[in-house]
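Structure data (mmCIF, C-alpha atoms) from run_35.cif:
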data_entry
#
loop_
_atom_site.label_atom_id
_atom_site.label_comp_id
_atom_site.auth_asym_id
_atom_site.auth_seq_id
_atom_site.Cartn_x
_atom_site.Cartn_y
_atom_site.Cartn_z
CA ILE A 871 17.70 -41.51 16.81
CA ASP A 872 16.07 -40.26 13.61
CA ILE A 873 14.19 -36.99 13.13
CA ASP A 874 10.71 -38.54 13.31
CA THR A 875 11.52 -40.18 16.65
CA LEU A 876 12.75 -36.86 18.05
CA ASN A 877 9.63 -35.08 16.82
CA ASN A 878 7.32 -37.56 18.50
CA ARG A 879 9.28 -37.52 21.74
CA PHE A 880 9.36 -33.73 22.07
CA ASN A 881 5.94 -32.89 20.59
CA SER A 882 7.66 -31.12 17.74
CA THR A 883 7.72 -30.80 13.98
CA SER A 884 10.65 -30.22 11.69
CA TYR A 885 11.27 -29.44 8.06
CA TYR A 886 14.56 -29.72 6.24
CA ARG A 887 15.73 -29.45 2.67
CA VAL A 888 19.00 -29.50 0.72
CA GLY A 889 19.19 -28.11 -2.79
CA LEU A 890 21.27 -26.88 -5.68
CA ASP A 891 20.98 -23.48 -7.41
CA LYS A 892 22.27 -23.27 -10.98
CA MET A 893 22.23 -20.14 -13.10
CA ASP A 894 24.56 -19.54 -16.04
CA SER A 895 28.04 -20.10 -14.59
CA GLY A 896 26.86 -19.77 -11.00
CA ILE A 897 26.48 -22.79 -8.73
CA GLY A 898 25.19 -22.71 -5.17
CA ILE A 899 24.41 -25.36 -2.58
CA TYR A 900 21.98 -24.54 0.21
CA GLY A 901 20.32 -26.19 3.17
CA TYR A 902 17.20 -25.20 5.08
CA TYR A 903 16.08 -26.46 8.49
CA ASN A 904 13.10 -25.41 10.60
CA PHE A 905 12.34 -26.98 13.99
CA ILE A 906 9.19 -26.18 16.02
CA PHE A 907 8.89 -27.42 19.61
CA ASN A 908 5.57 -27.54 21.47
CA LYS A 909 4.04 -25.31 18.74
CA ARG A 910 5.67 -22.25 20.34
CA PHE A 911 9.47 -22.45 20.27
CA TYR A 912 11.19 -22.52 16.90
CA ILE A 913 14.64 -22.62 15.33
CA TYR A 914 15.47 -21.89 11.69
CA LEU A 915 18.66 -22.04 9.63
CA TYR A 916 19.43 -21.36 5.96
CA PRO A 917 23.16 -21.58 5.02
CA ARG A 918 24.55 -21.66 1.49
CA ILE A 919 27.87 -21.76 -0.39
CA VAL A 920 28.46 -20.40 -3.91
CA ASN A 921 31.17 -20.19 -6.52
CA ASP A 922 30.49 -16.51 -7.37
CA PRO A 923 28.72 -14.15 -4.90
CA ASN A 924 27.84 -11.67 -7.66
CA LEU A 925 25.54 -14.10 -9.46
CA PHE A 926 23.04 -14.74 -6.64
CA ASN A 927 20.26 -12.40 -5.55
CA ARG A 928 20.28 -11.21 -1.93
CA TYR A 929 23.67 -12.82 -1.34
CA SER A 930 25.99 -10.75 0.88
CA GLY A 931 28.83 -13.17 1.68
CA LEU A 932 32.35 -12.12 0.74
CA ALA A 933 34.48 -13.93 -1.84
CA ARG A 934 37.67 -15.59 -0.60
CA ASP A 935 40.95 -15.63 -2.49
CA ASN A 936 41.09 -19.41 -2.63
CA LYS A 937 38.42 -21.84 -3.79
CA ARG A 938 37.61 -25.11 -2.10
CA GLY A 939 35.70 -27.69 -4.08
CA GLY A 940 34.96 -24.98 -6.64
CA PHE A 941 33.32 -22.67 -4.07
CA ASN A 942 34.82 -19.42 -2.79
CA SER A 943 32.11 -17.97 -0.53
CA GLY A 944 29.64 -19.06 2.12
CA GLU A 945 27.14 -17.36 4.41
CA VAL A 946 24.19 -17.98 6.69
CA ASP A 947 21.43 -16.02 4.96
CA ILE A 948 18.80 -16.46 7.68
CA SER A 949 18.97 -18.08 11.11
CA GLY A 950 17.64 -17.63 14.61
CA ILE A 951 15.46 -18.76 17.47
CA GLY A 952 12.08 -17.55 18.66
CA TYR A 953 8.98 -18.01 20.76
CA LYS A 954 5.39 -17.29 19.75
CA ASN A 955 1.85 -17.63 21.10
CA LYS A 956 -1.52 -16.05 20.32
CA HIS A 957 -0.53 -12.80 22.05
CA GLY A 958 2.82 -12.17 20.39
CA PHE A 959 6.35 -13.35 19.66
CA ILE A 960 10.03 -12.62 20.22
CA GLN A 961 12.74 -13.58 17.74
CA ILE A 962 16.52 -13.17 17.68
CA GLY A 963 18.51 -13.94 14.57
CA ARG A 964 19.53 -12.97 11.10
CA GLY A 965 17.21 -12.21 8.22
CA ARG A 966 15.29 -9.43 6.52
CA GLN A 967 11.97 -7.70 7.05
CA GLY A 968 9.22 -6.55 4.68
CA TRP A 969 6.94 -3.87 6.17
CA GLY A 970 4.07 -2.21 4.37
CA ALA A 971 1.09 -3.13 2.22
CA GLY A 972 0.95 -5.03 -1.04
CA GLU A 973 3.16 -7.55 -2.80
CA ASN A 974 6.36 -6.10 -4.31
CA THR A 975 5.29 -2.57 -3.30
CA GLN A 976 6.90 -2.41 0.17
CA LEU A 977 8.94 0.78 0.25
CA ILE A 978 11.18 1.16 3.33
CA LEU A 979 11.89 -2.47 4.28
CA SER A 980 11.47 -5.31 1.79
CA TYR A 981 12.41 -8.96 1.41
CA THR A 982 14.67 -8.11 -1.56
CA SER A 983 17.37 -6.61 0.68
CA HIS A 984 20.45 -8.31 2.11
CA SER A 985 19.94 -9.94 5.51
CA TYR A 986 21.04 -8.39 8.81
CA ASP A 987 21.19 -9.36 12.49
CA HIS A 988 18.30 -8.11 14.63
CA VAL A 989 15.88 -8.65 17.49
CA LEU A 990 12.19 -8.61 16.59
CA VAL A 991 9.30 -8.40 19.08
CA GLY A 992 5.58 -8.33 18.31
CA PHE A 993 2.35 -8.14 20.32
CA ARG A 994 -1.32 -8.56 19.48
CA PHE A 995 -4.13 -6.86 21.38
CA GLY A 996 -7.41 -7.79 19.71
CA LYS A 997 -7.51 -5.85 16.45
CA VAL A 998 -4.22 -4.06 17.15
CA GLN A 999 -0.75 -5.43 16.34
CA THR A 1000 2.61 -3.85 17.17
CA ARG A 1001 6.18 -4.65 16.14
CA TYR A 1002 9.61 -3.49 17.25
CA MET A 1003 12.98 -4.28 15.68
CA HIS A 1004 16.54 -3.28 16.61
CA GLY A 1005 19.47 -4.51 14.55
CA PHE A 1006 23.03 -4.01 13.35
CA LEU A 1007 23.59 -3.39 9.66
CA GLU A 1008 27.34 -3.12 9.12
CA SER A 1009 30.61 -1.40 9.89
CA LEU A 1010 32.03 0.60 6.99
CA ASP A 1011 35.73 0.75 6.11
CA SER A 1012 35.77 4.28 7.52
CA GLY A 1013 34.92 2.91 10.98
CA VAL A 1014 31.29 4.05 10.91
CA ASN A 1015 28.92 1.60 12.60
CA ARG A 1016 25.36 1.50 11.25
CA TYR A 1017 22.22 0.36 13.09
CA ILE A 1018 18.53 0.04 12.26
CA VAL A 1019 15.45 0.53 14.45
CA ALA A 1020 11.85 -0.02 13.33
CA LYS A 1021 8.50 0.35 15.12
CA GLY A 1022 5.12 -0.47 13.64
CA PHE A 1023 1.45 -0.26 14.60
CA GLU A 1024 -1.40 -1.90 12.68
CA TYR A 1025 -5.15 -1.80 13.17
CA LYS A 1026 -6.99 -4.63 11.42
CA THR A 1027 -10.76 -4.90 11.57
CA ASP A 1028 -11.06 -8.24 9.78
CA ASN A 1029 -9.86 -9.65 6.47
CA SER A 1030 -11.20 -6.63 4.57
CA PHE A 1031 -9.34 -3.64 6.06
CA ALA A 1032 -5.98 -2.91 7.70
CA PHE A 1033 -4.19 0.37 8.43
CA GLY A 1034 -0.61 0.70 9.65
CA ILE A 1035 1.90 3.34 10.75
CA SER A 1036 5.63 2.67 11.08
CA GLU A 1037 8.88 4.49 11.78
CA VAL A 1038 12.23 3.18 10.54
CA VAL A 1039 15.47 4.78 11.79
CA ILE A 1040 19.06 4.41 10.62
CA TYR A 1041 21.59 5.76 13.12
CA SER A 1042 25.35 5.69 12.68
CA GLY A 1043 28.64 7.10 13.87
CA ASN A 1044 32.36 6.48 14.06
CA ASN A 1045 32.87 3.49 16.40
CA ARG A 1046 29.36 4.15 17.71
CA PRO A 1047 27.96 1.49 20.09
CA ILE A 1048 24.30 0.47 20.39
CA ASP A 1049 22.27 3.49 21.48
CA PHE A 1050 20.09 2.64 24.48
CA SER A 1051 17.81 5.61 23.78
CA TYR A 1052 16.45 3.66 20.78
CA ILE A 1053 15.81 0.45 22.72
CA ASN A 1054 12.60 1.91 24.18
CA PRO A 1055 9.91 0.69 21.72
CA MET A 1056 7.67 3.66 22.60
CA SER A 1057 10.29 6.31 21.90
CA ASN A 1058 10.29 8.55 18.83
CA HIS A 1059 13.28 9.55 16.73
CA LEU A 1060 12.45 13.25 16.65
CA GLU A 1061 11.87 13.41 20.40
CA ILE A 1062 15.18 11.63 21.07
CA GLU A 1063 17.15 13.77 18.65
CA MET A 1064 15.65 17.16 19.51
CA ASN A 1065 16.20 16.58 23.24
CA ASN A 1066 19.75 15.30 22.69
CA ARG A 1067 19.15 11.94 24.40
CA GLN A 1068 21.22 9.82 22.00
CA ASN A 1069 24.79 8.70 22.68
CA LEU A 1070 26.13 10.88 19.85
CA SER A 1071 24.88 14.45 20.11
CA GLY A 1072 23.61 16.51 17.21
CA THR A 1073 20.87 16.14 14.62
CA GLY A 1074 22.95 14.61 11.84
CA ASN A 1075 23.76 11.17 13.23
CA GLY A 1076 20.46 9.46 12.49
CA ASN A 1077 17.48 9.72 10.16
CA ALA A 1078 13.94 8.38 10.20
CA VAL A 1079 11.37 7.59 7.54
CA TRP A 1080 7.67 7.27 8.38
CA GLU A 1081 5.22 5.10 6.45
CA PHE A 1082 1.42 4.97 6.28
CA SER A 1083 -0.03 1.78 4.80
CA VAL A 1084 -3.52 0.53 3.98
CA ASN A 1085 -5.03 -2.71 2.67
CA LYS A 1086 -8.68 -2.66 1.65
CA ASN A 1087 -10.89 -5.29 0.04
CA MET A 1088 -13.16 -3.14 -2.12
CA ASN A 1089 -15.36 -6.18 -2.72
CA GLN A 1090 -14.97 -9.96 -2.78
CA ASN A 1091 -12.60 -9.87 -5.77
CA LEU A 1092 -10.95 -6.43 -5.75
CA LEU A 1093 -8.06 -5.59 -3.38
CA PHE A 1094 -6.47 -2.14 -2.94
CA SER A 1095 -3.04 -1.64 -1.32
CA GLY A 1096 -1.30 1.66 -0.74
CA ASN A 1097 1.81 3.05 1.00
CA PHE A 1098 2.95 6.62 1.56
CA ILE A 1099 6.33 7.53 3.06
CA ILE A 1100 7.77 10.75 4.46
CA ASP A 1101 11.54 11.06 4.73
CA GLU A 1102 11.73 14.84 4.83
CA LEU A 1103 8.74 17.16 4.87
CA VAL A 1104 9.70 20.77 4.22
CA ILE A 1105 7.27 23.05 6.01
CA ASP A 1106 9.24 25.91 7.57
CA LYS A 1107 10.48 28.87 5.56
CA ILE A 1108 13.97 28.51 7.00
CA GLN A 1109 14.18 25.02 5.51
CA ARG A 1110 13.14 26.27 2.09
CA ASP A 1111 15.67 29.08 2.36
CA ASN A 1112 18.35 26.44 2.97
CA SER A 1113 17.32 24.71 -0.29
CA LYS A 1114 15.84 21.65 1.44
CA SER A 1115 13.34 19.60 -0.56
CA ASN A 1116 10.62 17.13 0.32
CA GLY A 1117 11.64 13.49 0.56
CA LEU A 1118 8.49 11.55 -0.29
CA GLY A 1119 7.38 8.32 -1.91
CA GLY A 1120 4.35 6.15 -2.44
CA SER A 1121 2.85 3.09 -4.05
CA ILE A 1122 -0.60 2.00 -5.19
CA ARG A 1123 -1.55 -1.54 -6.19
CA MET A 1124 -4.87 -2.93 -7.42
CA LEU A 1125 -5.47 -6.67 -7.69
CA TYR A 1126 -8.52 -8.32 -9.22
CA ARG A 1127 -9.28 -11.99 -8.54
CA VAL A 1128 -10.90 -13.38 -11.67
CA PRO A 1129 -13.71 -15.79 -10.65
CA SER A 1130 -12.82 -19.34 -11.67
CA LYS A 1131 -13.70 -22.83 -10.42
CA ASN A 1132 -10.61 -24.70 -11.60
CA LYS A 1133 -7.78 -22.22 -11.02
CA ILE A 1134 -6.69 -19.06 -9.23
CA MET A 1135 -6.26 -16.10 -11.57
CA ASN A 1136 -5.16 -12.62 -10.49
CA VAL A 1137 -4.76 -9.50 -12.63
CA PHE A 1138 -2.88 -6.61 -11.03
CA GLY A 1139 -1.39 -3.21 -11.70
CA SER A 1140 0.80 -0.88 -9.63
CA ILE A 1141 2.40 2.57 -9.59
CA ILE A 1142 5.45 3.27 -7.41
CA PHE A 1143 7.37 6.52 -7.05
CA ILE A 1144 10.28 7.51 -4.80
CA GLY A 1145 11.55 11.09 -4.72
CA THR A 1146 15.00 12.28 -5.71
CA HIS A 1147 16.18 13.02 -2.15
CA THR A 1148 14.32 10.22 -0.39
CA TYR A 1149 16.50 7.73 1.56
CA ARG A 1150 19.63 9.89 1.05
CA HIS A 1151 20.95 12.20 3.74
CA GLU A 1152 23.68 14.68 4.55
CA LYS A 1153 25.69 11.84 6.12
CA GLY A 1154 25.93 8.83 3.83
CA GLY A 1155 26.07 6.44 6.77
CA ASN A 1156 22.40 7.25 7.43
CA ASN A 1157 21.24 6.30 3.93
CA PHE A 1158 18.69 3.50 3.72
CA VAL A 1159 21.02 0.91 2.25
CA HIS A 1160 22.82 -2.22 3.45
CA ARG A 1161 25.89 -3.79 1.86
CA GLY A 1162 25.53 -1.31 -1.00
CA HIS A 1163 21.94 -2.27 -1.83
CA PRO A 1164 18.58 -0.66 -0.94
CA LEU A 1165 16.87 -1.80 2.25
CA GLY A 1166 13.48 -1.20 0.69
CA ILE A 1167 12.11 -1.26 -2.85
CA ILE A 1168 14.67 -2.84 -5.17
CA HIS A 1169 14.98 0.22 -7.46
CA GLY A 1170 16.14 2.42 -4.56
CA SER A 1171 15.03 6.00 -5.08
CA ASP A 1172 14.62 8.74 -7.70
CA PHE A 1173 12.29 6.74 -9.96
CA ILE A 1174 8.71 6.12 -11.01
CA ASN A 1175 7.56 2.66 -12.07
CA TYR A 1176 4.38 1.30 -13.70
CA ASP A 1177 3.56 -2.43 -13.73
CA ILE A 1178 0.76 -4.67 -14.95
CA GLY A 1179 0.70 -8.44 -14.62
CA LEU A 1180 -1.14 -11.74 -14.54
CA ASN A 1181 -0.73 -14.72 -12.18
CA VAL A 1182 -2.46 -18.05 -12.81
CA LEU A 1183 -2.32 -21.10 -10.54
CA GLY A 1184 -3.86 -24.29 -11.92
CA ASP A 1185 -3.88 -27.92 -10.83
CA LYS A 1186 -0.82 -28.79 -12.91
CA PHE A 1187 0.74 -25.47 -13.93
CA PHE A 1188 1.69 -22.02 -12.70
CA LEU A 1189 1.99 -18.85 -14.80
CA LYS A 1190 3.48 -15.59 -13.57
CA SER A 1191 3.94 -12.68 -15.95
CA LYS A 1192 4.58 -8.97 -15.57
CA MET A 1193 5.48 -6.05 -17.78
CA GLY A 1194 6.36 -2.54 -16.76
CA TYR A 1195 7.86 0.82 -17.53
CA ILE A 1196 10.33 2.64 -15.30
CA VAL A 1197 11.94 6.10 -15.41
CA LYS A 1198 15.07 6.53 -13.27
CA GLY A 1199 17.06 9.56 -12.27
CA SER A 1200 20.78 9.76 -11.56
CA ASN A 1201 20.54 10.11 -7.77
CA SER A 1202 19.20 6.69 -6.80
CA ILE A 1203 20.71 5.03 -3.73
CA GLU A 1204 20.84 1.94 -5.95
CA THR A 1205 23.97 3.42 -7.54
CA VAL A 1206 25.18 6.04 -5.01
CA SER A 1207 24.58 3.97 -1.88
CA TYR A 1208 26.68 5.82 0.71
CA THR A 1209 27.07 9.13 -1.07
CA HIS A 1210 25.91 12.02 1.09
CA LEU A 1211 23.14 14.27 -0.14
CA THR A 1212 24.46 17.59 -1.41
CA LEU A 1213 21.87 20.35 -1.37
CA PRO A 1214 22.04 23.02 -4.08
CA THR A 1215 23.26 26.46 -3.10
CA LYS A 1216 20.47 29.01 -3.27
CA ARG A 1217 21.27 32.14 -5.25
#
In C-alpha cells, write the structure found in this file.
Amino acid sequence: IDIDTLNNRFNSTSYYRVGLDKMDSGIGIYGYYNFIFNKRFYIYLYPRIVNDPNLFNRYSGLARDNKRGGFNSGEVDISGIGYKNKHGFIQIGRGRQGWGAGENTQLILSYTSHSYDHVLVGFRFGKVQTRYMHGFLESLDSGVNRYIVAKGFEYKTDNSFAFGISEVVIYSGNNRPIDFSYINPMSNHLEIEMNNRQNLSGTGNGNAVWEFSVNKNMNQNLLFSGNFIIDELVIDKIQRDNSKSNGLGGSIRMLYRVPSKNKIMNVFGSIIFIGTHTYRHEKGGNNFVHRGHPLGIIHGSDFINYDIGLNVLGDKFFLKSKMGYIVKGSNSIETVSYTHLTLPTKR
C-alpha cells in the first residue's frame, strides 16, 4: 500500500524528504518524515548520518572509530509524537526550543542549540497561552546528570501585541534522578529551593533564569521585539559584600517592512548584550549549555552585538544579507562551557 492510499484511508497527511548536505569536505545524508492523523495526532522524524560531526551545525552525534560507507557518525536530530487541538498540545520527543521575542534574538533557549529529549505541554485560554517543558540534557563524564525545566506564560491581544514571562531552570547533581518537585508546572524554582523541597538539598544544585519578552507592531510596517533576562539580581548588601554581581542580558530588534507590490522587503537592526556572569554559576553543571554549546543565543555570554540587515523575497529570487559588530569578553560559556564561576575575593 503506498503513502497516498494510507493517507486517504486514515484521514491523514504526510510529508517526507531525503537529501544530501555538502560543505567543503563534509558530506551528510538526511531524511525527514512528518505524519499527521485526523489533524490532531502527529509523528515526526529527522535522522542523519555524516562523515565528520565537526563540520555540521547543531550536530551532536559522536564520531565512531570505524567508518562505514565513508560515514562515521549518525544521530536522530529531532523525533517524537504529539497531540494538538485548539485548546493546547502535548508532545514527547527530541528536539530544541526557541523561547522569546524576535528572530535570532532569543536569549535563553534558541533553535541554534543541540537537541535534547523532553516533554512539552501547552494550553491556550483565549488570549493567554502557557507552556511547560521538562527534559534531560546529558550526563557528564564526572557522573553529573543535568536536566532542564522551562515554564512560560504569554498574553497576546491580537497580531499587534504580545507579552511573555518565562522561567528556565537547569538542575544537576552526581547520579541525580529526575526531581519530582520540578514536575509541577505551577511551581517556582526559588520557592522549591528555599524550602528545601528538591531531591538534592542545598541552594547550589540548580539555577534559574527569568525572561520578559514583548512583541509590538508600532504600525502596519514597523515591528518592535525585546527581551530582558535576569540570571542573578544583586539587591542585598550581604550579596555585594560577597562580591556577587548582577547576571543580566537583553535584546532589542526593530524591523521595517518596506511597502512593495511585487516582493517582500524587510530592513532590520538589533542590539544584543549578555553580561559577564550570566549563564555561569558556582557549579559548572548548572551552566546554560548542552554538549559544550550554549542553549540560548549562539554567542553564549559576556558580549555585546550590533546587527543590521536586509531580506528580500521576490517571485524568482531570495536575498538575505546581514552585517554586524561584536565585542566579546573572555568569560563566555561559548568557550568555558562547564567551568564554574569564580567570584573575586573582596579586599
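CA of Gly950 (chain A) lies 28.5 Å from CA of Tyr1149 (chain A).
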(request) Any chance you could resolve the PyMOL selection byres ((chain A and resi 1161-1175) around 6) against this file and give the residues as a PyMOL selection string? (result) chain A and resi 977-980+983+1141-1146+1158-1160+1176+1195-1199+1202-1204+1207
(message) Taking 5 positions as the minimum chain separation for residues in the same chain, which residues sit within 10 Å of region 963-967 of chain A when counting only C-alpha atoms? Answer as a ChimeraX atom specification.
(response) /A:913-916,928,946-952,978-990,1003,1005-1006,1020,1165-1166
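Among the candidates A:Lys1133, A:Lys954, A:Lys1153, A:His1147, the residue lying nearest to Asn1075 (chain A) is A:Lys1153 (atoms considered: only C-alpha atoms).
Taking all atoms listed in the file into account, Ser1140 (chain A) lies nearest to A:Phe1094 out of the set A:Phe1094, A:Tyr953, A:Phe911, A:Phe1033.
If you look at CA of Ile1099 (chain A) and CA of Ile1062 (chain A), they are 20.5 Å away from each other.
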(request) Spell out the residues picked by the PyMOL selection byres ((chain A and resi 1064-1074) around 9) here, as an NGL selection string. (result) :A and (1042-1043 or 1046-1052 or 1059-1063 or 1075-1077 or 1151-1153 or 1156)
(request) Tell me which protein, DNA and RNA residues are within 7 Å of Glu1037 (chain A), counting only C-alpha atoms, leaving out same-chain ones fewer than 2 positions away, and put them as a PyMOL selection string. (result) chain A and resi 1020-1022+1039+1078-1081
Convert the current residue selection to file output with C-alpha atoms, as a PDB file, in the frame of the given file.
ATOM      1  CA  ALA A1020      11.850  -0.020  13.330  1.00  0.00           C
ATOM      2  CA  LYS A1021       8.500   0.350  15.120  1.00  0.00           C
ATOM      3  CA  GLY A1022       5.120  -0.470  13.640  1.00  0.00           C
ATOM      4  CA  VAL A1039      15.470   4.780  11.790  1.00  0.00           C
ATOM      5  CA  ALA A1078      13.940   8.380  10.200  1.00  0.00           C
ATOM      6  CA  VAL A1079      11.370   7.590   7.540  1.00  0.00           C
ATOM      7  CA  TRP A1080       7.670   7.270   8.380  1.00  0.00           C
ATOM      8  CA  GLU A1081       5.220   5.100   6.450  1.00  0.00           C
TER       9      GLU A1081
END
When the PyMOL selection byres ((chain A and resi 1135) around 10) is applied to the file above, which residues end up in the set, as a short mmCIF file (atom, residue, chain, number, x, y, z; two decimals) with C-alpha atoms, in the frame of the given file?
data_model
loop_
_atom_site.label_atom_id
_atom_site.label_comp_id
_atom_site.auth_asym_id
_atom_site.auth_seq_id
_atom_site.Cartn_x
_atom_site.Cartn_y
_atom_site.Cartn_z
CA TYR A 1126 -8.52 -8.32 -9.22
CA ARG A 1127 -9.28 -11.99 -8.54
CA VAL A 1128 -10.90 -13.38 -11.67
CA PRO A 1129 -13.71 -15.79 -10.65
CA SER A 1130 -12.82 -19.34 -11.67
CA ASN A 1132 -10.61 -24.70 -11.60
CA LYS A 1133 -7.78 -22.22 -11.02
CA ILE A 1134 -6.69 -19.06 -9.23
CA ASN A 1136 -5.16 -12.62 -10.49
CA VAL A 1137 -4.76 -9.50 -12.63
CA LEU A 1180 -1.14 -11.74 -14.54
CA ASN A 1181 -0.73 -14.72 -12.18
CA VAL A 1182 -2.46 -18.05 -12.81
CA LEU A 1183 -2.32 -21.10 -10.54
CA GLY A 1184 -3.86 -24.29 -11.92
CA PHE A 1188 1.69 -22.02 -12.70
CA LEU A 1189 1.99 -18.85 -14.80
CA LYS A 1190 3.48 -15.59 -13.57
#
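Among A:Arg918, A:Arg1150, A:Arg934, A:Arg887, the residue with the shortest atom-to-atom distance to Ile1040 (chain A), counting only C-alpha atoms, is A:Arg1150.
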Quick one: 8 Å padding each side, axis-aligned, all listed atoms of region 1157-1171 of chain A - centre and edge lengths in Å to one decimal, as JSON?
{"center_x": 19.0, "center_y": 1.3, "center_z": -1.8, "size_x": 29.8, "size_y": 26.1, "size_z": 27.4}
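CA of Thr1000 (chain A) lies 21.9 Å from CA of Asn1087 (chain A).
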